[in-house]
Every structure is written in C-alpha cells, then in structure tokens.
>>> print(open('data.cif').read())   # mmCIF, C-alpha atoms
data_final
#
loop_
_atom_site.label_atom_id
_atom_site.label_comp_id
_atom_site.auth_asym_id
_atom_site.auth_seq_id
_atom_site.Cartn_x
_atom_site.Cartn_y
_atom_site.Cartn_z
CA MET A 62 -70.70 11.30 209.77
CA LYS A 63 -68.05 11.31 212.47
CA ASN A 64 -66.67 14.58 213.82
CA ARG A 65 -64.12 15.90 216.28
CA LEU A 66 -66.24 18.78 217.43
CA GLU A 67 -66.41 17.85 221.10
CA VAL A 68 -62.64 17.25 221.32
CA LEU A 69 -61.87 20.57 219.64
CA ARG A 70 -64.38 22.43 221.79
CA LEU A 71 -62.97 20.97 225.00
CA GLN A 72 -59.44 21.86 223.88
CA LYS A 73 -60.56 25.49 223.66
CA GLY A 74 -62.31 25.21 227.02
CA TRP A 75 -65.67 26.34 225.65
CA THR A 76 -69.10 25.20 226.73
CA GLN A 77 -71.61 24.05 224.13
CA GLN A 78 -73.47 27.35 224.60
CA GLU A 79 -70.30 29.38 223.99
CA LEU A 80 -69.52 27.44 220.83
CA ALA A 81 -73.13 27.87 219.66
CA GLU A 82 -72.92 31.64 220.14
CA ARG A 83 -69.62 31.86 218.28
CA VAL A 84 -71.06 30.20 215.18
CA GLU A 85 -74.54 31.76 215.59
CA THR A 86 -76.42 28.57 216.05
CA SER A 87 -78.32 26.94 218.92
CA ARG A 88 -76.93 24.82 221.75
CA GLN A 89 -79.26 22.00 220.66
CA THR A 90 -77.59 22.00 217.24
CA ILE A 91 -74.14 21.71 218.83
CA ILE A 92 -75.40 18.84 221.01
CA SER A 93 -76.87 17.07 217.97
CA LEU A 94 -73.65 17.57 216.02
CA GLU A 95 -71.51 16.21 218.83
CA GLN A 96 -73.79 13.21 219.22
CA ARG A 97 -73.67 12.67 215.42
CA ARG A 98 -77.42 12.92 215.14
CA TYR A 99 -77.23 15.84 212.70
CA ASN A 100 -75.01 16.64 209.73
CA PRO A 101 -74.33 20.35 209.30
CA SER A 102 -74.85 22.41 206.16
CA ILE A 103 -71.74 23.37 204.25
CA LEU A 104 -72.06 26.94 205.62
CA LEU A 105 -72.09 25.83 209.24
CA ALA A 106 -69.26 23.41 208.55
CA PHE A 107 -67.20 26.31 207.12
CA ARG A 108 -68.01 28.53 210.10
CA LEU A 109 -66.88 25.80 212.50
CA ALA A 110 -63.75 25.14 210.45
CA ARG A 111 -62.83 28.86 210.41
CA LEU A 112 -63.46 29.12 214.15
CA PHE A 113 -61.18 26.19 214.95
CA GLU A 114 -58.69 27.21 212.21
CA LYS A 115 -58.90 23.78 210.57
CA ASN A 116 -60.00 22.35 207.26
CA ILE A 117 -63.53 20.95 207.17
CA GLU A 118 -62.13 17.45 206.69
CA GLU A 119 -60.09 17.76 209.86
CA ILE A 120 -63.33 18.23 211.79
CA PHE A 121 -65.86 16.17 209.85
CA ILE A 122 -64.95 12.70 208.70
CA TYR A 123 -67.07 11.37 205.88
CA GLU A 124 -67.59 7.64 205.77
CA GLU A 125 -69.23 5.61 203.02
CA GLY A 126 -72.83 4.85 203.99
CA SER A 127 -72.93 7.47 206.76
CA GLU A 128 -76.02 9.04 205.13
CA ASP A 129 -78.00 6.07 206.45
CA GLU A 130 -77.29 6.99 210.07
CA MET R 291 -86.38 51.94 211.87
CA ASN R 292 -84.08 50.46 214.54
CA ASN R 293 -84.67 47.26 216.49
CA ASP R 294 -86.22 49.04 219.49
CA GLU R 295 -88.72 50.87 217.29
CA LYS R 296 -89.57 47.62 215.47
CA LEU R 297 -90.12 45.89 218.81
CA THR R 298 -92.32 48.74 220.09
CA LYS R 299 -94.38 48.62 216.89
CA LYS R 300 -94.80 44.85 217.20
CA VAL R 301 -95.89 45.14 220.85
CA ARG R 302 -98.39 47.90 219.99
CA THR R 303 -100.03 45.90 217.17
CA ARG R 304 -100.26 42.76 219.37
CA TRP R 305 -101.93 44.77 222.13
CA ILE R 306 -104.45 46.16 219.63
CA VAL R 307 -105.27 42.66 218.32
CA PHE R 308 -105.51 41.38 221.90
CA TRP R 309 -107.89 44.10 223.16
CA VAL R 310 -110.07 44.06 220.04
CA GLY R 311 -110.43 40.30 220.50
CA ILE R 312 -111.26 40.67 224.20
CA ALA R 313 -113.83 43.41 223.47
CA ILE R 314 -115.55 41.33 220.82
CA ILE R 315 -115.55 38.20 223.00
CA LEU R 316 -117.16 40.19 225.83
CA LEU R 317 -119.66 41.69 223.40
CA GLY R 318 -120.44 38.20 222.09
CA VAL R 319 -120.96 36.80 225.60
CA ALA R 320 -123.23 39.74 226.47
CA LEU R 321 -125.23 39.32 223.24
CA MET R 322 -125.61 35.58 223.87
CA GLY R 323 -127.19 36.46 227.20
CA PHE R 324 -129.39 39.36 226.11
CA ALA R 325 -130.01 38.64 222.42
CA PRO R 326 -129.36 34.98 221.62
CA GLN R 327 -130.62 35.33 218.05
CA THR R 328 -127.78 37.63 216.97
CA PHE R 329 -125.27 36.45 214.42
CA LEU R 330 -122.37 36.52 216.87
CA GLN R 331 -122.50 32.87 217.89
CA LEU R 332 -119.81 31.07 219.85
CA ARG R 333 -118.36 29.21 216.85
CA TRP R 334 -117.86 32.47 214.97
CA GLU R 335 -116.19 33.99 217.96
CA ILE R 336 -113.81 31.05 218.37
CA VAL R 337 -112.71 31.22 214.74
CA PHE R 338 -112.45 34.98 214.32
CA PHE R 339 -111.55 36.25 217.77
CA PHE R 340 -110.23 33.59 220.16
CA ILE R 341 -107.50 32.49 217.75
CA PRO R 342 -106.09 36.02 217.11
CA THR R 343 -106.42 36.86 220.81
CA GLY R 344 -104.57 33.71 221.80
CA TRP R 345 -101.90 34.42 219.19
CA ALA R 346 -101.53 38.03 220.39
CA ALA R 347 -101.26 36.94 224.03
CA ALA R 348 -98.55 34.37 223.20
CA GLU R 349 -96.65 36.97 221.15
CA LEU R 350 -96.87 39.54 223.96
CA VAL R 351 -95.39 37.08 226.46
CA LYS R 352 -92.54 36.34 224.03
CA LEU R 353 -91.91 40.01 223.18
CA SER R 354 -91.94 40.94 226.86
CA ALA R 355 -89.20 38.35 227.53
CA ILE R 356 -87.18 39.72 224.60
CA ARG R 357 -87.50 43.26 225.92
CA LYS R 358 -86.39 42.28 229.42
CA SER R 359 -83.36 40.26 228.47
CA PRO R 360 -80.84 40.52 225.61
CA GLU R 361 -80.19 36.76 226.01
CA ALA R 362 -83.85 36.06 225.22
CA ALA R 363 -83.57 38.30 222.14
CA LEU R 364 -80.50 36.38 221.00
CA ARG R 365 -82.24 33.04 221.66
CA GLU R 366 -85.22 34.23 219.64
CA LYS R 367 -82.96 35.28 216.75
CA VAL R 368 -81.13 31.94 216.84
CA GLN R 369 -84.43 30.00 216.98
CA ASN R 370 -85.52 31.74 213.78
CA THR R 371 -82.27 31.30 211.89
CA ASP R 372 -80.79 28.07 213.25
CA GLU R 373 -80.45 25.69 210.30
CA ARG R 374 -81.34 22.57 212.28
CA MET R 375 -84.47 24.20 213.68
CA LEU R 376 -85.51 25.40 210.20
CA SER R 377 -84.93 21.93 208.81
CA LEU R 378 -87.00 20.34 211.60
CA ARG R 379 -89.81 22.85 211.04
CA MET R 380 -89.83 22.13 207.30
CA HIS R 381 -89.89 18.40 207.95
CA ALA R 382 -92.74 18.74 210.47
CA GLY R 383 -94.59 21.07 208.07
CA ASN R 384 -94.22 18.55 205.26
CA ILE R 385 -95.72 15.77 207.36
CA ALA R 386 -98.53 18.05 208.57
CA PHE R 387 -99.26 19.09 204.96
CA PHE R 388 -99.72 15.52 203.72
CA ILE R 389 -101.80 14.53 206.75
CA THR R 390 -104.05 17.57 206.24
CA LEU R 391 -104.36 16.72 202.55
CA ALA R 392 -105.24 13.08 203.33
CA LEU R 393 -107.87 14.19 205.88
CA SER R 394 -109.35 16.64 203.36
CA ILE R 395 -109.58 13.88 200.74
CA ILE R 396 -111.26 11.55 203.26
CA ALA R 397 -113.70 14.32 204.25
CA LEU R 398 -114.50 14.97 200.57
CA LEU R 399 -115.06 11.26 199.88
CA VAL R 400 -117.23 10.74 202.97
CA TYR R 401 -119.26 13.87 202.22
CA SER R 402 -119.68 12.83 198.57
CA PHE R 403 -121.01 9.41 199.62
CA LEU R 404 -123.28 10.70 202.35
CA SER R 405 -124.77 13.78 200.71
CA LYS R 406 -127.41 13.76 198.02
CA PRO R 407 -126.55 15.58 194.80
CA GLN R 408 -128.28 18.93 194.65
CA ASN R 409 -129.87 19.84 191.41
CA ALA R 410 -130.63 23.39 192.36
CA GLY R 411 -127.89 25.72 193.54
CA LEU R 412 -124.32 25.10 194.57
CA ASP R 413 -123.34 22.67 197.31
CA TRP R 414 -120.94 24.98 199.12
CA THR R 415 -119.62 22.30 201.48
CA TRP R 416 -118.69 19.97 198.62
CA ASN R 417 -117.10 22.82 196.66
CA TYR R 418 -115.15 24.00 199.66
CA LEU R 419 -113.88 20.49 200.40
CA ALA R 420 -112.85 20.05 196.75
CA PHE R 421 -111.12 23.44 196.94
CA MET R 422 -109.27 22.27 200.10
CA VAL R 423 -107.96 19.24 198.21
CA VAL R 424 -107.07 20.85 194.90
CA VAL R 425 -105.61 24.22 195.91
CA PRO R 426 -102.89 22.97 198.31
CA LEU R 427 -101.79 20.39 195.74
CA VAL R 428 -101.62 23.02 192.98
CA VAL R 429 -99.66 25.36 195.28
CA TYR R 430 -97.34 22.47 196.20
CA VAL R 431 -96.62 21.61 192.57
CA ILE R 432 -96.11 25.26 191.54
CA ALA R 433 -93.78 25.82 194.50
CA LEU R 434 -91.78 22.71 193.58
CA ILE R 435 -91.44 23.86 189.96
CA ARG R 436 -90.42 27.41 190.99
CA TYR R 437 -87.89 26.28 193.61
CA ASN R 438 -86.53 23.73 191.19
CA ALA R 439 -86.01 26.42 188.53
CA ARG R 440 -84.38 28.83 190.99
CA ASN R 441 -82.05 26.48 192.87
#
>>> encode(input="data.cif", output="structure tokens")
Amino acid sequence: MKNRLEVLRLQKGWTQQELAERVETSRQTIISLEQRRYNPSILLAFRLARLFEKNIEEIFIYEEGSEDE
Amino acid sequence: MNNDEKLTKKVRTRWIVFWVGIAIILLGVALMGFAPQTFLQLRWEIVFFFIPTGWAAAELVKLSAIRKSPEAALREKVQNTDERMLSLRMHAGNIAFFITLALSIIALLVYSFLSKPQNAGLDWTWNYLAFMVVVPLVVYVIALIRYNARN
C-alpha cells in the first residue's frame, strides 16, 4: 500500500522520532510505514490521519493486489 | 499505587530473585565440593536458579535504565504497546510454537522407537513427551475457539 507519510511529515518539519512520539508508536514503525514494508492497523491509520488533519485515504492509497507486497 | 511505587516494587522483587539465586548457586557449588552426593546437582541448579537469576539480572539492568531516564521509560512503554512490535512478536511466537511442537513430536517418535515398553510402572519420559505434544495442541485449539468466539 502506497502512502504519503514521508511527504506529510517533511512538510511539518518533524523527524521520524517526533512523528512516532506524536502517535505513540516506535520510530521503527514509522520507518517501515514510510518504506511501505508495513501496513498500519486502522487505529494507527486514524491517529495519523487526525494528526495530519486529513482523511485516511489522503494518506494511504490502496491498490489492488497490494496485500501481496 | 503510582508508577514510582510500581517500579520500586518491581526492582525489589527482582533483587530478591537475584540474590536468592546467587545464594543457592553458591551453596550448590560449595556442596559439590564438600558433599558431591547431595541432590543439588549442576543440572538442577541451571534449571531452577540460573534461569531466574539471569532473568532478574536482565530485568534489573532494564529497570535501572528506566529509572535513570524518562526517554528509556517511554521507549519501554512503546516497545510493549507498539502494534508492529506486537505483531512481529506474535509471528515469531507462532513460528517458535510450531518448531517446538515438531521437535517434541520427533523426540516422542525417536524415544518410542528406541525404548523398550515397560510392563511394570509408568514410563515417565514417554508420558512427559506425549504430554508435551498433546497439551500445547489442545491449548492452541481452545485458544483459537475462544478468540474466534470473542472477536
């Protein structure tokens, strides 16, 4: 699943650690999300969406067959 | 009980486990020298005392870091609640479970082939190995049924 997490984070001027702390997760999780190695739970997706004041679909872009990644 | 009190209580119990383990290890070493026929043999000590002592020592190092720095406390909290970490642990645990089960089955088969059936009395090794195969599978199935009903 594609996402715009890194772009949005850089727009805010936050480090990966700062973003991790704001959504109460680890820096490794943020790194994995940005590198598209991990798909977040719906709860984490909502927390990120609220933080960036966006809809989930504006951050995470679902593509057919992306579960195979 | 606030977080500081909880931490102090945790540290105190780990120290107790640690020192009890050390005392018994020292006692065991002394007995091996002076009275080698005593029940406190090295294998028993490893199982019952080295493992808890090692665990307590590792916990004390971790708790000491938490006490010294709030960042370490936060990292610890995140490590225990981070969804990716929990998912990785569950995945690793699942693999470890099936490998352990497979090894137990192999051990049971090998022991069954190699040992002679005992007419008198129970073969505790065979029973224990069978227990090691059956009980985890039963627990696994019951857990699956319960989680399936709840979620």
>>> resolve_selection(input="data.cif", expression="the PyMOL selection byres ((chain R) within 7 of (chain A))", output="VMD selection string")
chain R and resid 368 372 374
>>> residues_around(input="data.cif", residues="range 109-113 of chain A", least_positions_apart="6", cutoff="8 Å", atoms="all atoms listed in the file", output="list of chain:residue names")
A:Leu69, A:Arg83, A:Val84, A:Ile120
>>> resolve_selection(input="data.cif", expression="the PyMOL selection byres ((chain R and resi 343-356) around 8)", output="PyMOL selection string")
chain R and resi 297+301+304-305+307-309+311-312+339-342+357-363+366
>>> atom_distance(input="data.cif", atom1="CA of Ile395 in chain R", atom2="CA of Ala420 in chain R")
8.0 Å
>>> residues_around(input="data.cif", residues="Ile122 in chain A", least_positions_apart="2", cutoff="7 Å", atoms="all atoms listed in the file", output="list in words")
Met62, Lys63, Asn64, Glu118, Ile120 and Glu124 of chain A
>>> residues_around(input="data.cif", residues="Val68 in chain A", least_positions_apart="6", cutoff="12 Å", atoms="all atoms listed in the file", output="PyMOL selection string")
chain A and resi 74-77+95+113+119-121
>>> atom_distance(input="data.cif", atom1="CA of Ala382 in chain R", atom2="CA of Leu80 in chain A")
26.9 Å
>>> atom_distance(input="data.cif", atom1="CA of Phe403 in chain R", atom2="CA of Val425 in chain R")
21.7 Å
>>> resolve_selection(input="data.cif", expression="the PyMOL selection byres ((chain R and resi 415) around 12)", output="number ranges by chain")
R: 394, 397-398, 400-402, 405, 407-408, 411-414, 416-422
>>> build_atoms(input="data.cif", residues="range 332-347 of chain R", atoms="N, CA and C atoms", output="short mmCIF file (atom, residue, chain, number, x, y, z; two decimals), keeping the file's coordinate frame")
data_model
loop_
_atom_site.label_atom_id
_atom_site.label_comp_id
_atom_site.auth_asym_id
_atom_site.auth_seq_id
_atom_site.Cartn_x
_atom_site.Cartn_y
_atom_site.Cartn_z
N LEU R 332 -121.08 31.49 219.25
CA LEU R 332 -119.81 31.07 219.85
C LEU R 332 -118.80 30.54 218.82
N ARG R 333 -119.27 29.76 217.85
CA ARG R 333 -118.36 29.21 216.85
C ARG R 333 -117.66 30.31 216.04
N TRP R 334 -118.45 31.34 215.71
CA TRP R 334 -117.86 32.47 214.97
C TRP R 334 -116.80 33.14 215.82
N GLU R 335 -117.14 33.31 217.07
CA GLU R 335 -116.19 33.99 217.96
C GLU R 335 -114.89 33.23 218.08
N ILE R 336 -115.01 31.87 218.21
CA ILE R 336 -113.81 31.05 218.37
C ILE R 336 -112.91 31.23 217.15
N VAL R 337 -113.50 31.14 215.97
CA VAL R 337 -112.71 31.22 214.74
C VAL R 337 -112.10 32.62 214.56
N PHE R 338 -112.92 33.64 214.69
CA PHE R 338 -112.45 34.98 214.32
C PHE R 338 -111.78 35.75 215.45
N PHE R 339 -112.06 35.41 216.69
CA PHE R 339 -111.55 36.25 217.77
C PHE R 339 -110.68 35.52 218.79
N PHE R 340 -111.06 34.29 219.17
CA PHE R 340 -110.23 33.59 220.16
C PHE R 340 -108.85 33.29 219.59
N ILE R 341 -108.80 32.87 218.33
CA ILE R 341 -107.50 32.49 217.75
C ILE R 341 -106.55 33.71 217.67
N PRO R 342 -106.99 34.85 217.10
CA PRO R 342 -106.09 36.02 217.11
C PRO R 342 -105.74 36.50 218.52
N THR R 343 -106.70 36.41 219.44
CA THR R 343 -106.42 36.86 220.81
C THR R 343 -105.37 35.96 221.45
N GLY R 344 -105.55 34.66 221.26
CA GLY R 344 -104.57 33.71 221.80
C GLY R 344 -103.19 33.93 221.21
N TRP R 345 -103.17 34.16 219.88
CA TRP R 345 -101.90 34.42 219.19
C TRP R 345 -101.25 35.69 219.75
N ALA R 346 -102.06 36.76 219.89
CA ALA R 346 -101.53 38.03 220.39
C ALA R 346 -100.99 37.88 221.81
N ALA R 347 -101.70 37.13 222.65
CA ALA R 347 -101.26 36.94 224.03
C ALA R 347 -99.92 36.20 224.06
#
